[in-house]
file final_34.cif (mmCIF, C-alpha atoms and all ligand atoms)
data_my_file
#
loop_
_atom_site.group_PDB
_atom_site.id
_atom_site.type_symbol
_atom_site.label_atom_id
_atom_site.label_comp_id
_atom_site.auth_asym_id
_atom_site.auth_seq_id
_atom_site.Cartn_x
_atom_site.Cartn_y
_atom_site.Cartn_z
ATOM 1 C CA MET I 1 0.000 0.000 0.000
ATOM 2 C CA THR I 2 1.380 3.375 -0.913
ATOM 3 C CA GLN I 3 0.602 6.035 1.615
ATOM 4 C CA ALA I 4 0.344 9.777 1.109
ATOM 5 C CA THR I 5 0.414 12.172 4.031
ATOM 6 C CA THR I 6 -1.884 14.957 3.053
ATOM 7 C CA ASP I 7 -4.015 17.912 4.196
ATOM 8 C CA ALA I 8 -7.557 19.216 3.800
ATOM 9 C CA GLN I 9 -7.015 19.908 0.087
ATOM 10 C CA GLY I 10 -5.592 16.427 -0.445
ATOM 11 C CA ILE I 11 -8.471 14.719 1.357
ATOM 12 C CA ALA I 12 -10.974 16.842 -0.596
ATOM 13 C CA ALA I 13 -9.359 15.694 -3.853
ATOM 14 C CA ALA I 14 -9.201 12.066 -2.712
ATOM 15 C CA LEU I 15 -12.905 12.180 -1.786
ATOM 16 C CA ARG I 16 -13.835 13.603 -5.189
ATOM 17 C CA ALA I 17 -11.794 10.866 -6.898
ATOM 18 C CA CYS I 18 -12.832 7.911 -4.759
ATOM 19 C CA ALA I 19 -15.169 5.104 -5.800
ATOM 20 C CA ASP I 20 -18.452 4.797 -3.932
ATOM 21 C CA PRO I 21 -20.204 3.430 -1.956
ATOM 22 C CA VAL I 22 -18.176 4.937 0.856
ATOM 23 C CA LEU I 23 -18.129 3.496 4.370
ATOM 24 C CA VAL I 24 -17.592 6.216 6.987
ATOM 25 C CA SER I 25 -16.580 5.052 10.448
ATOM 26 C CA ALA I 26 -14.903 6.067 13.707
ATOM 27 C CA HIS I 27 -13.509 4.335 16.770
ATOM 28 C CA GLU I 28 -15.499 2.005 19.005
ATOM 29 C CA ASN I 29 -17.476 3.646 21.824
ATOM 30 C CA PRO I 30 -17.857 6.849 19.828
ATOM 31 C CA ASP I 31 -17.466 10.130 21.726
ATOM 32 C CA GLY I 32 -18.744 13.569 20.778
ATOM 33 C CA ASP I 33 -15.896 14.245 18.362
ATOM 34 C CA ALA I 34 -16.409 10.887 16.650
ATOM 35 C CA VAL I 35 -20.185 11.332 16.349
ATOM 36 C CA GLY I 36 -20.010 14.936 15.150
ATOM 37 C CA SER I 37 -17.236 14.180 12.680
ATOM 38 C CA LEU I 38 -19.086 11.116 11.356
ATOM 39 C CA LEU I 39 -22.241 13.135 10.729
ATOM 40 C CA ALA I 40 -20.287 15.870 8.972
ATOM 41 C CA MET I 41 -18.303 13.415 6.844
ATOM 42 C CA CYS I 42 -21.371 11.417 5.850
ATOM 43 C CA HIS I 43 -23.161 14.597 4.767
ATOM 44 C CA LEU I 44 -20.110 15.789 2.827
ATOM 45 C CA VAL I 45 -19.691 12.537 0.896
ATOM 46 C CA ARG I 46 -23.379 12.639 -0.079
ATOM 47 C CA ALA I 47 -23.171 16.358 -0.918
ATOM 48 C CA ILE I 48 -20.482 15.632 -3.505
ATOM 49 C CA GLY I 49 -22.780 13.079 -5.098
ATOM 50 C CA LYS I 50 -21.637 9.751 -3.662
ATOM 51 C CA ARG I 51 -23.404 6.990 -1.788
ATOM 52 C CA ALA I 52 -22.299 6.688 1.826
ATOM 53 C CA ALA I 53 -23.084 4.586 4.879
ATOM 54 C CA CYS I 54 -22.130 5.684 8.364
ATOM 55 C CA VAL I 55 -21.363 2.883 10.814
ATOM 56 C CA THR I 56 -20.046 2.584 14.375
ATOM 57 C CA ALA I 57 -19.434 -0.650 16.268
ATOM 58 C CA ASP I 58 -21.241 0.725 19.331
ATOM 59 C CA PRO I 59 -24.425 2.808 19.599
ATOM 60 C CA VAL I 60 -24.324 6.595 19.748
ATOM 61 C CA PRO I 61 -24.455 7.686 23.437
ATOM 62 C CA ASP I 62 -27.800 9.176 24.449
ATOM 63 C CA ILE I 63 -26.354 12.645 25.044
ATOM 64 C CA TYR I 64 -25.667 12.966 21.298
ATOM 65 C CA CYS I 65 -28.910 11.440 20.035
ATOM 66 C CA TRP I 66 -30.552 14.865 19.622
ATOM 67 C CA LEU I 67 -28.056 15.880 16.918
ATOM 68 C CA PRO I 68 -29.676 16.402 13.511
ATOM 69 C CA GLY I 69 -29.095 13.434 11.199
ATOM 70 C CA VAL I 70 -27.944 11.077 13.964
ATOM 71 C CA GLU I 71 -30.347 8.388 12.710
ATOM 72 C CA CYS I 72 -28.030 7.830 9.736
ATOM 73 C CA ILE I 73 -25.413 6.228 12.038
ATOM 74 C CA GLN I 74 -25.941 2.463 11.861
ATOM 75 C CA ARG I 75 -24.548 -0.712 13.469
ATOM 76 C CA PRO I 76 -22.383 -3.064 11.387
ATOM 77 C CA ASP I 77 -25.137 -5.714 11.173
ATOM 78 C CA GLU I 78 -27.565 -3.176 9.683
ATOM 79 C CA VAL I 79 -25.406 -2.485 6.630
ATOM 80 C CA GLU I 80 -24.720 -4.443 3.444
ATOM 81 C CA GLY I 81 -21.380 -4.197 1.665
ATOM 82 C CA PRO I 82 -19.333 -4.246 -0.366
ATOM 83 C CA PHE I 83 -17.834 -0.777 -0.020
ATOM 84 C CA ASN I 84 -15.180 0.615 -2.339
ATOM 85 C CA THR I 85 -13.777 3.271 -0.014
ATOM 86 C CA LEU I 86 -13.340 3.440 3.762
ATOM 87 C CA VAL I 87 -13.118 6.805 5.506
ATOM 88 C CA ILE I 88 -11.935 6.687 9.146
ATOM 89 C CA VAL I 89 -12.414 9.746 11.358
ATOM 90 C CA ASP I 90 -11.001 10.234 14.888
ATOM 91 C CA ALA I 91 -8.911 7.045 14.585
ATOM 92 C CA SER I 92 -6.144 5.910 12.272
ATOM 93 C CA ARG I 93 -6.202 2.125 12.367
ATOM 94 C CA ARG I 94 -8.746 -0.448 11.294
ATOM 95 C CA SER I 95 -8.334 -2.218 14.637
ATOM 96 C CA ARG I 96 -9.985 0.771 16.371
ATOM 97 C CA LEU I 97 -13.207 0.269 14.380
ATOM 98 C CA GLY I 98 -14.340 -2.944 16.082
ATOM 99 C CA ALA I 99 -16.775 -5.037 14.064
ATOM 100 C CA THR I 100 -17.106 -2.258 11.466
ATOM 101 C CA ALA I 101 -13.670 -3.158 10.063
ATOM 102 C CA ASP I 102 -15.065 -6.420 8.646
ATOM 103 C CA LEU I 103 -17.335 -4.436 6.287
ATOM 104 C CA ALA I 104 -14.372 -2.953 4.405
ATOM 105 C CA ALA I 105 -11.537 -5.465 4.488
ATOM 106 C CA PRO I 106 -8.276 -4.679 2.710
ATOM 107 C CA PRO I 107 -7.490 -3.840 -0.057
ATOM 108 C CA VAL I 108 -10.370 -1.335 0.062
ATOM 109 C CA SER I 109 -9.027 2.193 -0.416
ATOM 110 C CA THR I 110 -8.785 4.001 2.932
ATOM 111 C CA LEU I 111 -8.754 7.692 3.914
ATOM 112 C CA VAL I 112 -7.797 8.682 7.454
ATOM 113 C CA ILE I 113 -8.547 11.979 9.204
ATOM 114 C CA ASP I 114 -7.297 11.990 12.778
ATOM 115 C CA HIS I 115 -5.635 14.052 15.503
ATOM 116 C CA HIS I 116 -4.261 11.239 17.691
ATOM 117 C CA ARG I 117 -0.516 10.696 17.487
ATOM 118 C CA ASP I 118 0.229 7.555 15.470
ATOM 119 C CA ASP I 119 3.482 6.586 13.756
ATOM 120 C CA ALA I 120 1.831 3.964 11.563
ATOM 121 C CA PRO I 121 -1.646 5.061 10.456
ATOM 122 C CA GLU I 122 -3.404 2.738 8.014
ATOM 123 C CA GLY I 123 -4.549 4.469 4.837
ATOM 124 C CA GLU I 124 -3.622 5.546 1.322
ATOM 125 C CA HIS I 125 -4.526 9.136 2.128
ATOM 126 C CA VAL I 126 -3.728 10.185 5.686
ATOM 127 C CA TRP I 127 -4.391 13.613 7.178
ATOM 128 C CA LEU I 128 -3.135 13.225 10.743
ATOM 129 C CA ASP I 129 -2.345 16.342 12.720
ATOM 130 C CA PRO I 130 -2.188 16.346 16.540
ATOM 131 C CA SER I 131 -2.212 20.150 16.571
ATOM 132 C CA TYR I 132 -5.991 20.009 16.088
ATOM 133 C CA ALA I 133 -8.004 19.829 19.311
ATOM 134 C CA ALA I 134 -10.748 17.852 17.573
ATOM 135 C CA VAL I 135 -11.304 16.085 14.278
ATOM 136 C CA GLY I 136 -14.401 18.305 14.121
ATOM 137 C CA GLU I 137 -12.047 21.234 13.443
ATOM 138 C CA MET I 138 -10.428 19.297 10.603
ATOM 139 C CA LEU I 139 -13.838 18.436 9.142
ATOM 140 C CA TYR I 140 -14.771 22.114 9.140
ATOM 141 C CA GLU I 141 -11.591 22.887 7.178
ATOM 142 C CA LEU I 142 -12.413 20.005 4.842
ATOM 143 C CA TYR I 143 -15.789 21.631 4.059
ATOM 144 C CA VAL I 144 -13.945 24.871 3.271
ATOM 145 C CA ALA I 145 -11.402 23.021 1.114
ATOM 146 C CA SER I 146 -14.244 21.213 -0.668
ATOM 147 C CA ALA I 147 -16.114 24.501 -1.261
ATOM 148 C CA GLN I 148 -19.203 22.929 0.325
ATOM 149 C CA PRO I 149 -21.584 24.973 2.499
ATOM 150 C CA VAL I 150 -21.986 23.851 6.136
ATOM 151 C CA PRO I 151 -25.717 23.366 6.798
ATOM 152 C CA PRO I 152 -27.020 24.242 10.303
ATOM 153 C CA GLY I 153 -27.301 20.579 11.372
ATOM 154 C CA VAL I 154 -23.692 19.873 10.412
ATOM 155 C CA ALA I 155 -22.601 23.088 12.147
ATOM 156 C CA GLN I 156 -24.265 21.852 15.344
ATOM 157 C CA ALA I 157 -22.618 18.419 15.038
ATOM 158 C CA LEU I 158 -19.174 19.945 14.477
ATOM 159 C CA TYR I 159 -19.685 22.407 17.335
ATOM 160 C CA VAL I 160 -20.397 19.469 19.653
ATOM 161 C CA ALA I 161 -17.320 17.652 18.285
ATOM 162 C CA VAL I 162 -15.048 20.570 19.161
ATOM 163 C CA ALA I 163 -16.774 21.414 22.458
ATOM 164 C CA THR I 164 -16.490 17.837 23.745
ATOM 165 C CA ASP I 165 -12.880 17.155 22.712
ATOM 166 C CA THR I 166 -11.789 20.472 24.245
ATOM 167 C CA GLY I 167 -13.782 19.861 27.460
ATOM 168 C CA SER I 168 -15.891 22.950 26.741
ATOM 169 C CA PHE I 169 -12.772 24.836 25.573
ATOM 170 C CA ARG I 170 -10.970 24.204 28.843
ATOM 171 C CA TYR I 171 -8.286 21.665 27.856
ATOM 172 C CA PRO I 172 -4.767 22.830 26.905
ATOM 173 C CA SER I 173 -5.443 21.506 23.394
ATOM 174 C CA THR I 174 -7.838 24.440 22.839
ATOM 175 C CA THR I 175 -6.380 26.945 20.376
ATOM 176 C CA ALA I 176 -7.261 30.263 18.784
ATOM 177 C CA ARG I 177 -8.087 28.196 15.710
ATOM 178 C CA SER I 178 -10.606 26.172 17.790
ATOM 179 C CA HIS I 179 -12.391 29.390 18.713
ATOM 180 C CA ARG I 180 -12.275 30.795 15.185
ATOM 181 C CA ILE I 181 -13.792 27.592 13.858
ATOM 182 C CA VAL I 182 -16.609 27.469 16.414
ATOM 183 C CA GLY I 183 -17.226 31.153 15.689
ATOM 184 C CA ASP I 184 -17.802 30.190 12.056
ATOM 185 C CA LEU I 185 -19.947 27.241 13.148
ATOM 186 C CA ILE I 186 -22.175 29.503 15.280
ATOM 187 C CA GLU I 187 -22.607 31.785 12.263
ATOM 188 C CA ALA I 188 -23.543 28.679 10.262
ATOM 189 C CA GLY I 189 -26.311 27.845 12.753
ATOM 190 C CA ALA I 190 -24.784 25.998 15.716
ATOM 191 C CA ASP I 191 -26.481 26.710 19.068
ATOM 192 C CA PRO I 192 -23.840 26.726 21.863
ATOM 193 C CA ALA I 193 -26.346 26.984 24.731
ATOM 194 C CA ALA I 194 -28.314 23.957 23.533
ATOM 195 C CA ALA I 195 -25.105 21.983 23.098
ATOM 196 C CA ALA I 196 -23.810 22.934 26.565
ATOM 197 C CA HIS I 197 -27.037 21.973 28.285
ATOM 198 C CA ARG I 198 -27.689 18.714 26.451
ATOM 199 C CA VAL I 199 -24.103 17.423 26.382
ATOM 200 C CA PHE I 200 -22.542 18.743 29.599
ATOM 201 C CA ASP I 201 -25.197 19.779 32.095
ATOM 202 C CA ALA I 202 -28.318 17.650 31.712
ATOM 203 C CA MET I 203 -28.223 14.677 34.081
ATOM 204 C CA SER I 204 -30.463 11.701 34.761
ATOM 205 C CA PRO I 205 -31.318 10.693 38.359
ATOM 206 C CA GLU I 206 -29.271 7.529 37.681
ATOM 207 C CA LYS I 207 -26.204 9.596 36.849
ATOM 208 C CA LEU I 208 -26.640 11.657 40.016
ATOM 209 C CA ALA I 209 -26.762 8.404 42.008
ATOM 210 C CA ILE I 210 -23.539 7.016 40.518
ATOM 211 C CA LEU I 211 -21.843 10.421 40.890
ATOM 212 C CA ASN I 212 -22.754 10.306 44.574
ATOM 213 C CA ARG I 213 -20.975 6.948 44.976
ATOM 214 C CA VAL I 214 -17.902 8.006 42.995
ATOM 215 C CA LEU I 215 -17.514 11.163 45.102
ATOM 216 C CA ASN I 216 -18.080 9.341 48.398
ATOM 217 C CA ARG I 217 -15.236 6.952 47.600
ATOM 218 C CA MET I 218 -12.789 9.476 46.211
ATOM 219 C CA ASP I 219 -9.453 8.656 47.842
ATOM 220 C CA ILE I 220 -6.820 11.366 47.767
ATOM 221 C CA CYS I 221 -3.565 9.398 47.965
ATOM 222 C CA LEU I 222 0.143 9.409 47.087
ATOM 223 C CA ALA I 223 0.806 12.464 49.251
ATOM 224 C CA GLY I 224 -2.177 14.328 47.855
ATOM 225 C CA ARG I 225 -1.027 14.059 44.254
ATOM 226 C CA ALA I 226 -3.472 11.376 43.077
ATOM 227 C CA ALA I 227 -7.211 10.801 43.437
ATOM 228 C CA PHE I 228 -8.718 7.346 42.925
ATOM 229 C CA SER I 229 -12.296 6.178 42.932
ATOM 230 C CA TYR I 230 -14.079 3.082 41.657
ATOM 231 C CA VAL I 231 -17.344 1.576 40.531
ATOM 232 C CA THR I 232 -18.435 -2.055 40.490
ATOM 233 C CA PRO I 233 -21.049 -3.906 38.433
ATOM 234 C CA GLU I 234 -23.235 -3.863 41.579
ATOM 235 C CA ASP I 235 -23.052 -0.049 41.665
ATOM 236 C CA MET I 236 -24.195 0.095 38.069
ATOM 237 C CA ALA I 237 -27.070 -2.326 38.716
ATOM 238 C CA GLU I 238 -28.211 -0.668 41.960
ATOM 239 C CA THR I 239 -28.169 2.889 40.613
ATOM 240 C CA GLY I 240 -29.398 2.028 37.122
ATOM 241 C CA ALA I 241 -26.517 4.051 35.650
ATOM 242 C CA ASP I 242 -24.948 3.028 32.344
ATOM 243 C CA ALA I 243 -21.384 3.416 31.087
ATOM 244 C CA PRO I 244 -21.781 6.890 29.488
ATOM 245 C CA ASP I 245 -22.982 8.201 32.878
ATOM 246 C CA LEU I 246 -19.409 7.668 34.123
ATOM 247 C CA ASN I 247 -17.850 9.988 31.550
ATOM 248 C CA ASN I 248 -15.815 12.737 33.201
ATOM 249 C CA LEU I 249 -17.003 11.986 36.753
ATOM 250 C CA ILE I 250 -13.353 11.513 37.688
ATOM 251 C CA ASN I 251 -12.679 15.149 36.768
ATOM 252 C CA TYR I 252 -13.837 16.063 40.261
ATOM 253 C CA GLY I 253 -10.813 14.197 41.619
ATOM 254 C CA ARG I 254 -8.432 15.847 39.182
ATOM 255 C CA ASN I 255 -9.761 19.276 40.201
ATOM 256 C CA VAL I 256 -8.773 18.893 43.856
ATOM 257 C CA ASN I 257 -5.919 21.229 44.758
ATOM 258 C CA GLY I 258 -2.579 19.400 44.620
ATOM 259 C CA VAL I 259 -3.876 16.434 42.619
ATOM 260 C CA GLN I 260 -1.973 15.789 39.374
ATOM 261 C CA VAL I 261 -3.766 12.645 38.248
ATOM 262 C CA ALA I 262 -7.183 11.157 38.957
ATOM 263 C CA ILE I 263 -8.262 7.656 38.003
ATOM 264 C CA LEU I 264 -11.641 5.959 37.986
ATOM 265 C CA PHE I 265 -11.411 2.179 38.249
ATOM 266 C CA ARG I 266 -14.388 0.410 36.786
ATOM 267 C CA SER I 267 -14.715 -3.285 37.373
ATOM 268 C CA THR I 268 -16.604 -4.772 34.415
ATOM 269 C CA GLY I 269 -16.139 -8.445 35.359
ATOM 270 C CA PRO I 270 -14.245 -10.695 37.786
ATOM 271 C CA GLU I 271 -11.030 -10.357 35.744
ATOM 272 C CA THR I 272 -11.497 -7.050 33.941
ATOM 273 C CA THR I 273 -10.984 -3.492 35.174
ATOM 274 C CA LYS I 274 -11.153 -0.398 32.984
ATOM 275 C CA ILE I 275 -9.309 2.717 34.065
ATOM 276 C CA SER I 276 -10.182 6.242 33.038
ATOM 277 C CA ILE I 277 -7.364 8.720 33.666
ATOM 278 C CA ARG I 278 -7.559 12.514 33.876
ATOM 279 C CA SER I 279 -4.535 14.644 34.656
ATOM 280 C CA ARG I 280 -3.203 18.132 35.097
ATOM 281 C CA PRO I 281 -0.671 19.421 32.536
ATOM 282 C CA GLU I 282 2.301 18.378 34.719
ATOM 283 C CA PHE I 283 1.306 14.692 34.450
ATOM 284 C CA ASP I 284 1.058 12.797 31.154
ATOM 285 C CA ALA I 285 -1.919 10.432 31.477
ATOM 286 C CA ARG I 286 -0.598 8.377 28.545
ATOM 287 C CA ARG I 287 2.365 7.210 30.647
ATOM 288 C CA VAL I 288 -0.066 5.253 32.790
ATOM 289 C CA ALA I 289 -2.431 4.188 29.978
ATOM 290 C CA ALA I 290 0.325 2.995 27.641
ATOM 291 C CA HIS I 291 1.940 0.953 30.408
ATOM 292 C CA PHE I 292 -1.247 -1.142 30.494
ATOM 293 C CA GLY I 293 -1.765 -1.306 26.724
ATOM 294 C CA GLY I 294 -4.122 1.655 26.441
ATOM 295 C CA GLY I 295 -3.777 5.145 25.030
ATOM 296 C CA GLY I 296 -5.304 8.579 24.688
ATOM 297 C CA HIS I 297 -4.262 12.177 25.149
ATOM 298 C CA PRO I 298 -1.832 13.784 27.651
ATOM 299 C CA GLY I 299 -4.724 14.954 29.838
ATOM 300 C CA ALA I 300 -7.213 12.132 29.260
ATOM 301 C CA ALA I 301 -6.403 8.500 28.627
ATOM 302 C CA GLY I 302 -7.636 5.009 29.407
ATOM 303 C CA ALA I 303 -6.832 1.329 29.410
ATOM 304 C CA THR I 304 -8.331 -2.073 30.158
ATOM 305 C CA LEU I 305 -6.557 -4.351 32.627
ATOM 306 C CA GLU I 306 -7.247 -8.077 32.659
ATOM 307 C CA MET I 307 -7.283 -8.334 36.430
ATOM 308 C CA PRO I 308 -9.697 -7.857 39.335
ATOM 309 C CA LEU I 309 -10.318 -4.391 40.734
ATOM 310 C CA GLU I 310 -8.048 -4.778 43.779
ATOM 311 C CA ASN I 311 -5.085 -6.033 41.727
ATOM 312 C CA ALA I 312 -5.640 -3.316 39.144
ATOM 313 C CA ARG I 313 -5.608 -0.717 41.869
ATOM 314 C CA GLU I 314 -2.289 -2.021 43.213
ATOM 315 C CA ALA I 315 -0.661 -2.197 39.789
ATOM 316 C CA VAL I 316 -1.865 1.250 38.772
ATOM 317 C CA THR I 317 -0.838 2.792 42.093
ATOM 318 C CA GLU I 318 2.690 1.493 41.546
ATOM 319 C CA ARG I 319 2.775 2.892 38.006
ATOM 320 C CA VAL I 320 1.442 6.288 39.105
ATOM 321 C CA ARG I 321 3.970 6.415 41.954
ATOM 322 C CA HIS I 322 6.740 5.729 39.422
ATOM 323 C CA CYS I 323 5.474 8.421 37.014
ATOM 324 C CA LEU I 324 5.197 10.990 39.819
ATOM 325 C CA GLU I 325 8.871 10.419 40.613
ATOM 326 C CA GLY I 326 9.899 11.817 37.225
ATOM 327 C CA PRO I 327 10.458 10.966 33.574
ATOM 328 C CA GLU I 328 11.386 7.417 32.482
HETATM 329 MN MN MN K 1 -11.139 13.338 18.808
#

call {"tool": "encode", "arguments": {"input": "final_34.cif", "output": "C-alpha cells", "more": "lines below"}}
Ligand SMILES: [Mn+2]
result
Amino acid sequence: MTQATTDAQGIAAALRACADPVLVSAHENPDGDAVGSLLAMCHLVRAIGKRAACVTADPVPDIYCWLPGVECIQRPDEVEGPFNTLVIVDASRRSRLGATADLAAPPVSTLVIDHHRDDAPEGEHVWLDPSYAAVGEMLYELYVASAQPVPPGVAQALYVAVATDTGSFRYPSTTARSHRIVGDLIEAGADPAAAAHRVFDAMSPEKLAILNRVLNRMDICLAGRAAFSYVTPEDMAETGADAPDLNNLINYGRNVNGVQVAILFRSTGPETTKISIRSRPEFDARRVAAHFGGGGHPGAAGATLEMPLENAREAVTERVRHCLEGPE
C-alpha cells in the first residue's frame, strides 16, 4: 500500500476521486468528536454526489442522540457491503473500528482523518495532525477546502465535536483556531447553549446516584497528588446508571488542589478493570495508559486491565507512583 500524508485539500481531492459506496466510520465507543465528525463526513460525501453509509461498532451515546441526522449512524449488522472506499475519522487504524472493520476489508481504499498521534496510520490518504483539538475542526476545514456549504445541522454536530474534545474549551489543546472555527460554526447555525445543556449539564437521576458513589469513595492518595475512585457492576445495577454516565465523573478528583492525576477504576467483570485517567498538565496520562496497553491524550487516557479491581488498583498505584517520581 502506498501512503500519502496529506491535508484538507488532499483529502478533498481524494474524496472527489474515490469510488463509492463509501463506508464512513470512527472508533469504538464513539465520543462527541467521533459522532459529530461522522455526521459531517457522511453529509459531505453525499453532498459531492456519492453513496455513503455511516457505521459505528457501538451505539451513539444518548447525550448525542438529539443531533440532527444522527439516525443515519448504523450498526455493522444493519449495513450491506461491499464498499469501495473506507473513511476513518477520529482514529487511524482499522483495529480501532471494532466489528465495522469487517465491512471494508483490505485492499479497500482508505482515507484517514485523525488528531491522535500515530506513527503507523493505516490508509492511502492520511491527514493526521495532533495540533488540532478535535477532528471536528479538521472536518470544518475540509468543508472549506471542498467549497461545500456547512448546513445548520452539520454546524451543530461539528460544534459538539469541538466542544467535547476540548472539554468545553478548557483543555490545553484548545487553540485560537478552535475558537475561530466554532465562531464560524455559530454563524452557520450551531447553538452553543443547547449543546452545553444537552451534552454537559443535563443529568439523569441515575447519573446523580452514581456520581454520589464516585464522590463518596474518592481517595486522595500518594501524598495528595493522586485521586482514585471506583465503581463495580453492583453499583451500576443498583443505581441504574450506564457506562456513558461515568464519563468525566473523575474530573472532580483531578480538580482537587494538589492532585496531578485522577483515576476511575471500573470493574466490568471478575477479571477485567477499565481505568479512566484525567490529569493536570504536569502529568502525562498516557504514561499510565500505555503501560497497560491503552492510550489517549496527555490529559485524558484510558486502558483495560485483565485483572480484578483490587489487583488493578495495586498495579496502577505502583505505576502512578513511578510516574510521579519523574520521567522514564
Ligand atoms: Mn477526537

call {"tool": "residues_around", "arguments": {"input": "final_34.cif", "residues": "range 283-286 of chain I", "least_positions_apart": "5", "cutoff": "9 Å", "atoms": "all atoms listed in the file", "output": "ChimeraX atom specification"}}
result
/I:260-261,277-278,291,294-302,323-324

call {"tool": "residues_near_ligand", "arguments": {"input": "final_34.cif", "ligand": "ligand MN 1 (chain K)", "cutoff": "6 Å", "atoms": "only C-alpha atoms and all ligand atoms", "output": "ChimeraX atom specification"}}
result
/I:33,90,134-135,165

call {"tool": "write_last_selection", "arguments": {"input": "final_34.cif", "atoms": "C-alpha atoms", "output": "CSV table (one decimal), keeping the file's coordinate frame"}}
result
chain,number,residue,atom,x,y,z
I,33,ASP,CA,-15.9,14.2,18.4
I,90,ASP,CA,-11.0,10.2,14.9
I,134,ALA,CA,-10.7,17.9,17.6
I,135,VAL,CA,-11.3,16.1,14.3
I,165,ASP,CA,-12.9,17.2,22.7

call {"tool": "residues_near_point", "arguments": {"input": "final_34.cif", "point": "(-13.6, 3.7, -0.2)", "cutoff": "12 Å", "atoms": "all atoms listed in the file", "output": "MDAnalysis selection string"}}
result
chainID I and resid 14:25 45 50:53 81:88 103:112 123:125

call {"tool": "atom_distance", "arguments": {"input": "final_34.cif", "atom1": "CA of Ile48 in chain I", "atom2": "CA of Gln148 in chain I"}}
result
8.3 Å

call {"tool": "resolve_selection", "arguments": {"input": "final_34.cif", "expression": "the PyMOL selection byres (((chain I and resi 194) around 12) and not hetatm)", "output": "PyMOL selection string"}}
result
chain I and resi 63-64+66-67+156-157+159-160+163+186+189-193+195-202

call {"tool": "closest_residue", "arguments": {"input": "final_34.cif", "among": "I:Ala209, I:Met138, I:Ala13, I:Ala8", "to": "Leu38 in chain I", "atoms": "only C-alpha atoms"}}
result
I:Met138

call {"tool": "resolve_selection", "arguments": {"input": "final_34.cif", "expression": "the PyMOL selection byres (((chain I and resi 178) around 8) and not hetatm)", "output": "PyMOL selection string"}}
result
chain I and resi 132-133+137+162+174-177+179-182

call {"tool": "build_atoms", "arguments": {"input": "final_34.cif", "residues": "range 210-225 of chain I", "atoms": "N, CA and C atoms", "output": "PDB file, in the coordinates of the input"}}
result
ATOM      1  N   ILE I 210     -24.876   7.595  40.668  1.00  0.00           N
ATOM      2  CA  ILE I 210     -23.539   7.016  40.518  1.00  0.00           C
ATOM      3  C   ILE I 210     -22.477   8.074  40.856  1.00  0.00           C
ATOM      4  N   LEU I 211     -22.760   9.335  40.523  1.00  0.00           N
ATOM      5  CA  LEU I 211     -21.843  10.421  40.890  1.00  0.00           C
ATOM      6  C   LEU I 211     -21.664  10.474  42.407  1.00  0.00           C
ATOM      7  N   ASN I 212     -22.777  10.301  43.117  1.00  0.00           N
ATOM      8  CA  ASN I 212     -22.754  10.306  44.574  1.00  0.00           C
ATOM      9  C   ASN I 212     -21.798   9.232  45.095  1.00  0.00           C
ATOM     10  N   ARG I 213     -21.867   8.035  44.524  1.00  0.00           N
ATOM     11  CA  ARG I 213     -20.975   6.948  44.976  1.00  0.00           C
ATOM     12  C   ARG I 213     -19.518   7.245  44.634  1.00  0.00           C
ATOM     13  N   VAL I 214     -19.283   7.722  43.414  1.00  0.00           N
ATOM     14  CA  VAL I 214     -17.902   8.006  42.995  1.00  0.00           C
ATOM     15  C   VAL I 214     -17.279   9.067  43.909  1.00  0.00           C
ATOM     16  N   LEU I 215     -18.049  10.093  44.249  1.00  0.00           N
ATOM     17  CA  LEU I 215     -17.514  11.163  45.102  1.00  0.00           C
ATOM     18  C   LEU I 215     -17.282  10.672  46.530  1.00  0.00           C
ATOM     19  N   ASN I 216     -18.224   9.857  47.035  1.00  0.00           N
ATOM     20  CA  ASN I 216     -18.080   9.341  48.398  1.00  0.00           C
ATOM     21  C   ASN I 216     -16.814   8.520  48.574  1.00  0.00           C
ATOM     22  N   ARG I 217     -16.386   7.857  47.499  1.00  0.00           N
ATOM     23  CA  ARG I 217     -15.236   6.952  47.600  1.00  0.00           C
ATOM     24  C   ARG I 217     -13.943   7.585  47.118  1.00  0.00           C
ATOM     25  N   MET I 218     -13.989   8.858  46.778  1.00  0.00           N
ATOM     26  CA  MET I 218     -12.789   9.476  46.211  1.00  0.00           C
ATOM     27  C   MET I 218     -11.683   9.453  47.257  1.00  0.00           C
ATOM     28  N   ASP I 219     -10.574   8.825  46.908  1.00  0.00           N
ATOM     29  CA  ASP I 219      -9.453   8.656  47.842  1.00  0.00           C
ATOM     30  C   ASP I 219      -8.294   9.513  47.353  1.00  0.00           C
ATOM     31  N   ILE I 220      -7.967  10.526  48.121  1.00  0.00           N
ATOM     32  CA  ILE I 220      -6.820  11.366  47.767  1.00  0.00           C
ATOM     33  C   ILE I 220      -5.589  10.678  48.358  1.00  0.00           C
ATOM     34  N   CYS I 221      -4.664  10.246  47.501  1.00  0.00           N
ATOM     35  CA  CYS I 221      -3.565   9.398  47.965  1.00  0.00           C
ATOM     36  C   CYS I 221      -2.247   9.851  47.350  1.00  0.00           C
ATOM     37  N   LEU I 222      -1.193   9.093  47.597  1.00  0.00           N
ATOM     38  CA  LEU I 222       0.143   9.409  47.087  1.00  0.00           C
ATOM     39  C   LEU I 222       0.511  10.861  47.426  1.00  0.00           C
ATOM     40  N   ALA I 223       0.438  11.148  48.712  1.00  0.00           N
ATOM     41  CA  ALA I 223       0.806  12.464  49.251  1.00  0.00           C
ATOM     42  C   ALA I 223      -0.011  13.591  48.612  1.00  0.00           C
ATOM     43  N   GLY I 224      -1.283  13.289  48.362  1.00  0.00           N
ATOM     44  CA  GLY I 224      -2.177  14.328  47.855  1.00  0.00           C
ATOM     45  C   GLY I 224      -2.052  14.597  46.374  1.00  0.00           C
ATOM     46  N   ARG I 225      -1.246  13.777  45.678  1.00  0.00           N
ATOM     47  CA  ARG I 225      -1.027  14.059  44.254  1.00  0.00           C
ATOM     48  C   ARG I 225      -1.896  13.213  43.331  1.00  0.00           C
TER      49      ARG I 225
END
